[in-house]
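Only one structure is covered here, and it is reproduced in the block below.
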Amino acid sequence: MGAHVEVMELVAQMKAAEQAFVLATVVRTVSVTAAKAGAKAIIRPDGTIVAGWIGGGCTKGAVLRAAREALADGAPRMVSVQPENLLAELGVKPGETREGVRFASNMCPSKGTIDIFVEPVLPHPSLVILGASPVALSLATQARPLGYHVTLAAPDADLVAPPEVDNLVNCFELSELHEAKRFVVVSTQGKGDEAALRAAVATKACYHAFVGSRRKMAALREKLIAEGVAVTAIDRVKAPAGLDLGAITPEEIAMSILAEITVERRKGQRDGKLEST
(Lines give C-alpha, C1' and ligand atoms only; values in the text may rest on other atoms or scores of the structure.)
Protein backbone atom coordinates (compact mmCIF):
# COMPACT_ATOMS: atom_id res chain seq x y z
CA MET A 1 0.00 0.00 0.00
CA GLY A 2 2.83 2.38 0.87
CA ALA A 3 4.48 2.06 -2.55
CA HIS A 4 1.13 2.55 -4.29
CA VAL A 5 0.47 5.76 -2.34
CA GLU A 6 3.98 7.01 -3.13
CA VAL A 7 3.42 6.49 -6.86
CA MET A 8 0.09 8.30 -6.82
CA GLU A 9 1.59 11.21 -4.86
CA LEU A 10 4.27 11.56 -7.53
CA VAL A 11 1.59 11.36 -10.24
CA ALA A 12 -0.18 14.33 -8.64
CA GLN A 13 3.08 16.28 -8.42
CA MET A 14 4.03 15.62 -12.04
CA LYS A 15 0.56 16.53 -13.29
CA ALA A 16 0.67 19.79 -11.34
CA ALA A 17 4.08 20.53 -12.89
CA GLU A 18 2.66 19.88 -16.39
CA GLN A 19 5.13 17.06 -17.07
CA ALA A 20 4.50 14.34 -19.65
CA PHE A 21 4.64 10.74 -18.42
CA VAL A 22 2.96 7.35 -18.60
CA LEU A 23 1.19 5.62 -15.73
CA ALA A 24 1.42 1.85 -16.25
CA THR A 25 -0.90 -0.32 -14.15
CA VAL A 26 -0.96 -4.12 -13.88
CA VAL A 27 -4.64 -5.08 -14.27
CA ARG A 28 -4.41 -8.88 -14.42
CA THR A 29 -1.92 -11.67 -13.80
CA VAL A 30 -2.13 -15.42 -14.38
CA SER A 31 0.21 -17.98 -12.85
CA VAL A 32 3.59 -16.81 -11.54
CA THR A 33 4.53 -13.17 -12.23
CA ALA A 34 6.90 -10.76 -10.52
CA ALA A 35 4.32 -7.97 -10.27
CA LYS A 36 0.73 -8.46 -9.16
CA ALA A 37 -2.55 -6.80 -10.10
CA GLY A 38 -2.66 -3.20 -8.90
CA ALA A 39 1.08 -2.60 -9.23
CA LYS A 40 1.90 0.74 -10.85
CA ALA A 41 4.88 2.50 -12.37
CA ILE A 42 5.59 5.98 -13.72
CA ILE A 43 7.53 6.14 -16.98
CA ARG A 44 9.10 9.32 -18.36
CA PRO A 45 9.32 10.07 -22.12
CA ASP A 46 12.98 8.94 -22.13
CA GLY A 47 11.92 5.48 -20.90
CA THR A 48 13.08 5.95 -17.32
CA ILE A 49 10.89 4.28 -14.68
CA VAL A 50 10.99 6.89 -11.91
CA ALA A 51 8.72 5.17 -9.42
CA GLY A 52 6.85 1.90 -8.92
CA TRP A 53 7.24 -1.62 -10.24
CA ILE A 54 5.47 -3.57 -13.02
CA GLY A 55 7.87 -6.50 -13.38
CA GLY A 56 11.33 -7.06 -14.76
CA GLY A 57 12.76 -7.74 -18.20
CA CYS A 58 9.87 -10.03 -19.13
CA THR A 59 7.52 -7.07 -19.41
CA LYS A 60 9.72 -3.98 -19.57
CA GLY A 61 10.48 -3.93 -23.31
CA ALA A 62 6.86 -4.28 -24.40
CA VAL A 63 5.64 -1.68 -21.90
CA LEU A 64 8.30 0.87 -22.84
CA ARG A 65 7.42 0.52 -26.54
CA ALA A 66 3.75 1.04 -25.71
CA ALA A 67 4.65 4.02 -23.50
CA ARG A 68 6.52 5.76 -26.34
CA GLU A 69 3.60 5.25 -28.69
CA ALA A 70 1.08 6.43 -26.10
CA LEU A 71 2.99 9.64 -25.48
CA ALA A 72 3.19 10.23 -29.23
CA ASP A 73 -0.52 9.90 -30.00
CA GLY A 74 -2.10 10.57 -26.59
CA ALA A 75 -4.07 7.33 -26.61
CA PRO A 76 -3.99 4.66 -23.87
CA ARG A 77 -3.38 1.02 -24.73
CA MET A 78 -3.38 -2.44 -23.19
CA VAL A 79 -0.35 -4.73 -23.31
CA SER A 80 -0.68 -8.46 -22.68
CA VAL A 81 2.56 -10.37 -22.10
CA GLN A 82 1.99 -14.12 -22.40
CA PRO A 83 3.97 -17.33 -23.01
CA GLU A 84 4.32 -18.21 -26.69
CA ASN A 85 2.16 -21.34 -26.36
CA LEU A 86 -0.76 -19.27 -25.07
CA LEU A 87 -0.31 -16.71 -27.85
CA ALA A 88 -0.41 -19.61 -30.33
CA GLU A 89 -3.66 -20.84 -28.79
CA LEU A 90 -5.12 -17.37 -29.27
CA GLY A 91 -3.86 -17.29 -32.84
CA VAL A 92 -1.82 -14.12 -32.37
CA LYS A 93 1.85 -13.33 -32.89
CA PRO A 94 4.11 -11.23 -30.65
CA GLY A 95 3.71 -7.57 -31.58
CA GLU A 96 0.23 -8.06 -33.02
CA THR A 97 -2.69 -5.91 -31.85
CA ARG A 98 -6.17 -7.34 -31.64
CA GLU A 99 -9.26 -5.54 -30.32
CA GLY A 100 -7.12 -2.88 -28.72
CA VAL A 101 -4.70 -5.29 -27.00
CA ARG A 102 -1.01 -5.42 -27.96
CA PHE A 103 0.39 -8.93 -27.43
CA ALA A 104 3.99 -9.67 -26.46
CA SER A 105 5.85 -12.86 -25.69
CA ASN A 106 6.96 -13.73 -22.16
CA MET A 107 10.32 -15.47 -22.52
CA CYS A 108 10.94 -15.75 -18.77
CA PRO A 109 11.00 -19.19 -17.10
CA SER A 110 7.95 -18.31 -14.98
CA LYS A 111 5.74 -18.39 -18.10
CA GLY A 112 3.13 -16.21 -16.45
CA THR A 113 0.68 -13.82 -18.09
CA ILE A 114 0.54 -10.15 -17.18
CA ASP A 115 -1.80 -7.51 -18.61
CA ILE A 116 -0.74 -3.88 -18.23
CA PHE A 117 -2.76 -0.74 -18.94
CA VAL A 118 -0.56 2.04 -20.33
CA GLU A 119 -2.04 5.51 -19.81
CA PRO A 120 -0.35 8.68 -21.13
CA VAL A 121 -0.62 11.78 -18.97
CA LEU A 122 0.15 14.84 -21.06
CA PRO A 123 0.50 18.55 -20.29
CA HIS A 124 -2.42 20.74 -21.21
CA PRO A 125 -2.13 21.72 -24.88
CA SER A 126 -0.71 25.19 -25.42
CA LEU A 127 -2.62 27.95 -27.21
CA VAL A 128 -0.48 30.97 -28.07
CA ILE A 129 -2.45 34.04 -29.12
CA LEU A 130 -0.72 37.10 -30.55
CA GLY A 131 -2.75 40.29 -30.37
CA ALA A 132 -5.29 42.04 -28.15
CA SER A 133 -8.17 42.25 -30.63
CA PRO A 134 -11.72 41.29 -29.59
CA VAL A 135 -11.24 37.94 -31.35
CA ALA A 136 -7.98 37.34 -29.49
CA LEU A 137 -9.53 38.07 -26.10
CA SER A 138 -12.60 35.96 -26.84
CA LEU A 139 -10.35 33.12 -28.00
CA ALA A 140 -8.46 33.23 -24.69
CA THR A 141 -11.70 33.25 -22.70
CA GLN A 142 -13.19 30.28 -24.56
CA ALA A 143 -10.02 28.20 -24.65
CA ARG A 144 -9.26 27.91 -20.93
CA PRO A 145 -12.43 25.94 -20.00
CA LEU A 146 -11.52 23.54 -22.83
CA GLY A 147 -8.26 22.64 -21.10
CA TYR A 148 -5.75 24.83 -22.92
CA HIS A 149 -2.78 26.53 -21.31
CA VAL A 150 -3.23 30.01 -22.78
CA THR A 151 -0.44 32.47 -23.56
CA LEU A 152 -1.44 35.91 -24.81
CA ALA A 153 1.24 38.12 -26.36
CA ALA A 154 0.43 41.77 -27.03
CA PRO A 155 1.79 45.25 -26.19
CA ASP A 156 0.66 46.21 -22.69
CA ALA A 157 -0.69 49.48 -24.08
CA ASP A 158 -3.19 47.54 -26.24
CA LEU A 159 -4.83 45.89 -23.23
CA VAL A 160 -7.61 47.74 -21.44
CA ALA A 161 -7.45 45.26 -18.54
CA PRO A 162 -5.26 42.23 -17.77
CA PRO A 163 -6.86 39.18 -19.42
CA GLU A 164 -7.41 35.92 -17.54
CA VAL A 165 -4.67 33.81 -19.14
CA ASP A 166 -1.95 31.49 -17.88
CA ASN A 167 0.89 33.53 -19.35
CA LEU A 168 0.86 37.18 -20.43
CA VAL A 169 3.70 38.41 -22.64
CA ASN A 170 4.43 42.05 -23.40
CA CYS A 171 4.68 42.60 -27.17
CA PHE A 172 5.48 39.53 -29.26
CA GLU A 173 8.65 38.17 -27.63
CA LEU A 174 7.83 34.45 -27.41
CA SER A 175 10.99 33.29 -25.65
CA GLU A 176 9.61 30.99 -22.92
CA LEU A 177 6.50 29.01 -23.75
CA HIS A 178 4.59 26.12 -22.22
CA GLU A 179 6.12 22.87 -23.50
CA ALA A 180 3.25 20.89 -24.94
CA LYS A 181 1.34 20.33 -28.16
CA ARG A 182 1.13 23.91 -29.38
CA PHE A 183 -1.30 25.98 -31.47
CA VAL A 184 -0.51 29.55 -32.55
CA VAL A 185 -3.05 32.16 -33.66
CA VAL A 186 -2.28 35.71 -34.82
CA SER A 187 -5.23 38.00 -34.15
CA THR A 188 -3.71 41.47 -34.18
CA GLN A 189 -6.21 42.80 -36.74
CA GLY A 190 -4.19 45.82 -37.84
CA LYS A 191 -2.02 46.38 -34.75
CA GLY A 192 1.41 44.89 -35.33
CA ASP A 193 0.36 42.30 -37.91
CA GLU A 194 3.79 41.95 -39.47
CA ALA A 195 5.75 41.68 -36.21
CA ALA A 196 3.26 39.21 -34.74
CA LEU A 197 3.22 37.04 -37.84
CA ARG A 198 7.02 36.99 -37.92
CA ALA A 199 7.08 35.81 -34.30
CA ALA A 200 4.37 33.23 -34.95
CA VAL A 201 6.10 31.49 -37.87
CA ALA A 202 9.32 31.33 -35.84
CA THR A 203 7.47 29.42 -33.10
CA LYS A 204 7.28 25.63 -33.30
CA ALA A 205 3.65 24.47 -33.40
CA CYS A 206 1.38 21.95 -35.07
CA TYR A 207 -1.03 24.71 -36.12
CA HIS A 208 -0.48 28.31 -37.21
CA ALA A 209 -3.32 30.62 -38.21
CA PHE A 210 -3.94 34.27 -39.05
CA VAL A 211 -7.21 36.11 -38.40
CA GLY A 212 -7.62 38.17 -41.54
CA SER A 213 -8.51 37.98 -45.20
CA ARG A 214 -6.60 36.02 -47.84
CA ARG A 215 -5.72 39.32 -49.54
CA LYS A 216 -4.21 40.74 -46.35
CA MET A 217 -2.30 37.52 -45.71
CA ALA A 218 -0.95 37.54 -49.26
CA ALA A 219 0.40 41.07 -48.80
CA LEU A 220 2.04 40.16 -45.49
CA ARG A 221 3.47 37.02 -47.06
CA GLU A 222 5.27 39.03 -49.71
CA LYS A 223 6.70 41.43 -47.11
CA LEU A 224 7.99 38.67 -44.86
CA ILE A 225 9.50 36.69 -47.72
CA ALA A 226 11.29 39.86 -48.88
CA GLU A 227 12.68 40.18 -45.35
CA GLY A 228 14.07 36.66 -45.47
CA VAL A 229 11.34 34.57 -43.83
CA ALA A 230 11.28 31.07 -45.35
CA VAL A 231 8.46 30.43 -47.80
CA THR A 232 7.77 27.03 -46.23
CA ALA A 233 7.34 28.66 -42.81
CA ILE A 234 4.91 31.35 -43.94
CA ASP A 235 2.92 28.94 -46.10
CA ARG A 236 2.11 26.81 -43.04
CA VAL A 237 -0.12 29.60 -41.78
CA LYS A 238 -3.86 29.01 -42.28
CA ALA A 239 -5.59 32.21 -43.40
CA PRO A 240 -8.27 33.07 -42.73
CA ALA A 241 -8.24 31.21 -39.41
CA GLY A 242 -11.10 28.95 -38.40
CA LEU A 243 -13.69 26.67 -39.95
CA ASP A 244 -16.21 28.28 -42.30
CA LEU A 245 -19.19 28.42 -39.93
CA GLY A 246 -20.53 31.72 -41.23
CA ALA A 247 -19.17 33.41 -38.11
CA ILE A 248 -19.65 37.18 -37.77
CA THR A 249 -19.09 38.30 -34.17
CA PRO A 250 -15.70 38.05 -32.41
CA GLU A 251 -17.09 35.32 -30.18
CA GLU A 252 -18.29 33.30 -33.18
CA ILE A 253 -14.98 33.75 -35.00
CA ALA A 254 -13.12 32.59 -31.88
CA MET A 255 -15.42 29.57 -31.68
CA SER A 256 -14.71 28.70 -35.32
CA ILE A 257 -10.95 28.88 -34.66
CA LEU A 258 -11.24 26.62 -31.61
CA ALA A 259 -13.32 24.20 -33.68
CA GLU A 260 -10.53 24.04 -36.27
CA ILE A 261 -7.91 23.60 -33.53
CA THR A 262 -9.99 20.80 -32.01
CA VAL A 263 -9.90 18.93 -35.32
CA GLU A 264 -6.10 19.18 -35.30
CA ARG A 265 -5.79 18.39 -31.60
CA ARG A 266 -7.87 15.23 -31.79
CA LYS A 267 -6.27 13.68 -34.88
CA GLY A 268 -5.48 10.05 -34.11
CA GLN A 269 -7.61 10.09 -30.96
CA ARG A 270 -11.00 9.20 -32.38
CA ASP A 271 -12.70 5.78 -32.45
CA GLY A 272 -12.88 5.67 -28.68
CA LYS A 273 -9.33 6.86 -28.05
CA LEU A 274 -9.27 9.69 -25.54
CA GLU A 275 -6.56 12.14 -24.59
CA SER A 276 -5.77 12.30 -20.92
CA THR A 277 -5.89 16.06 -20.73
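How things are named: the first chain in the C-alpha coordinates is A, the next is B, and so on; residues count from 1 in each chain; ligands count from 1 in the order shown.
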| request: Please provide the set of residues having any atom within 7 Å of stretch 22-26 of chain A, restricted to only C-alpha atoms, with same-chain residues fewer than 4 positions apart removed, written as a list in words. | output: Lys36, Ala37, Gly38, Ala39, Lys40, Ala41, Ile42, Ile43, Arg44, Ile54, Ala67, Asp115, Ile116, Phe117, Val118, Glu119, Pro120 and Val121 of chain A
Counting only C-alpha atoms, give me one row per residue of stretch 74-133 of chain A with an atom at most 12 Å from an atom of stretch 261-264 of chain A, showing the shortest contact pair and its distance in Å to one decimal, sorted by chain then residue number, as CSV.
```
residue,atom,partner,partner_atom,distance
A:Pro125,CA,A:Ile261,CA,10.6
A:Ser126,CA,A:Ile261,CA,11.0
A:Leu127,CA,A:Ile261,CA,9.3
A:Val128,CA,A:Ile261,CA,11.8
```
| task | Return as a ChimeraX atom specification the full set of residues in stretch 120-269 of chain A whose backbone-based DSSP assignment is helix (DSSP H, G or I). | result | /A:134-146,156-158,193-201,214-226,231-234,250-265
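Counting from atom CA of A:Val237, the distance to atom CA of A:Glu18 is 27.3 Å.
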| query | Tell me, which residues of stretch 57-151 of chain A carry DSSP strand (DSSP E or B), written as number ranges by chain? | reply | A: 77-82, 97-98, 101-105, 113-121, 126-130, 149-151
| message | Residues near stretch 152-169 of chain A, anyone? I mean within 8 Å using only C-alpha atoms, not counting same-chain ones fewer than 2 positions away, as JSON, numbers by chain. | response | {"A": [128, 129, 130, 131, 132, 137, 140, 141, 144, 149, 150, 171, 172, 173, 174]}
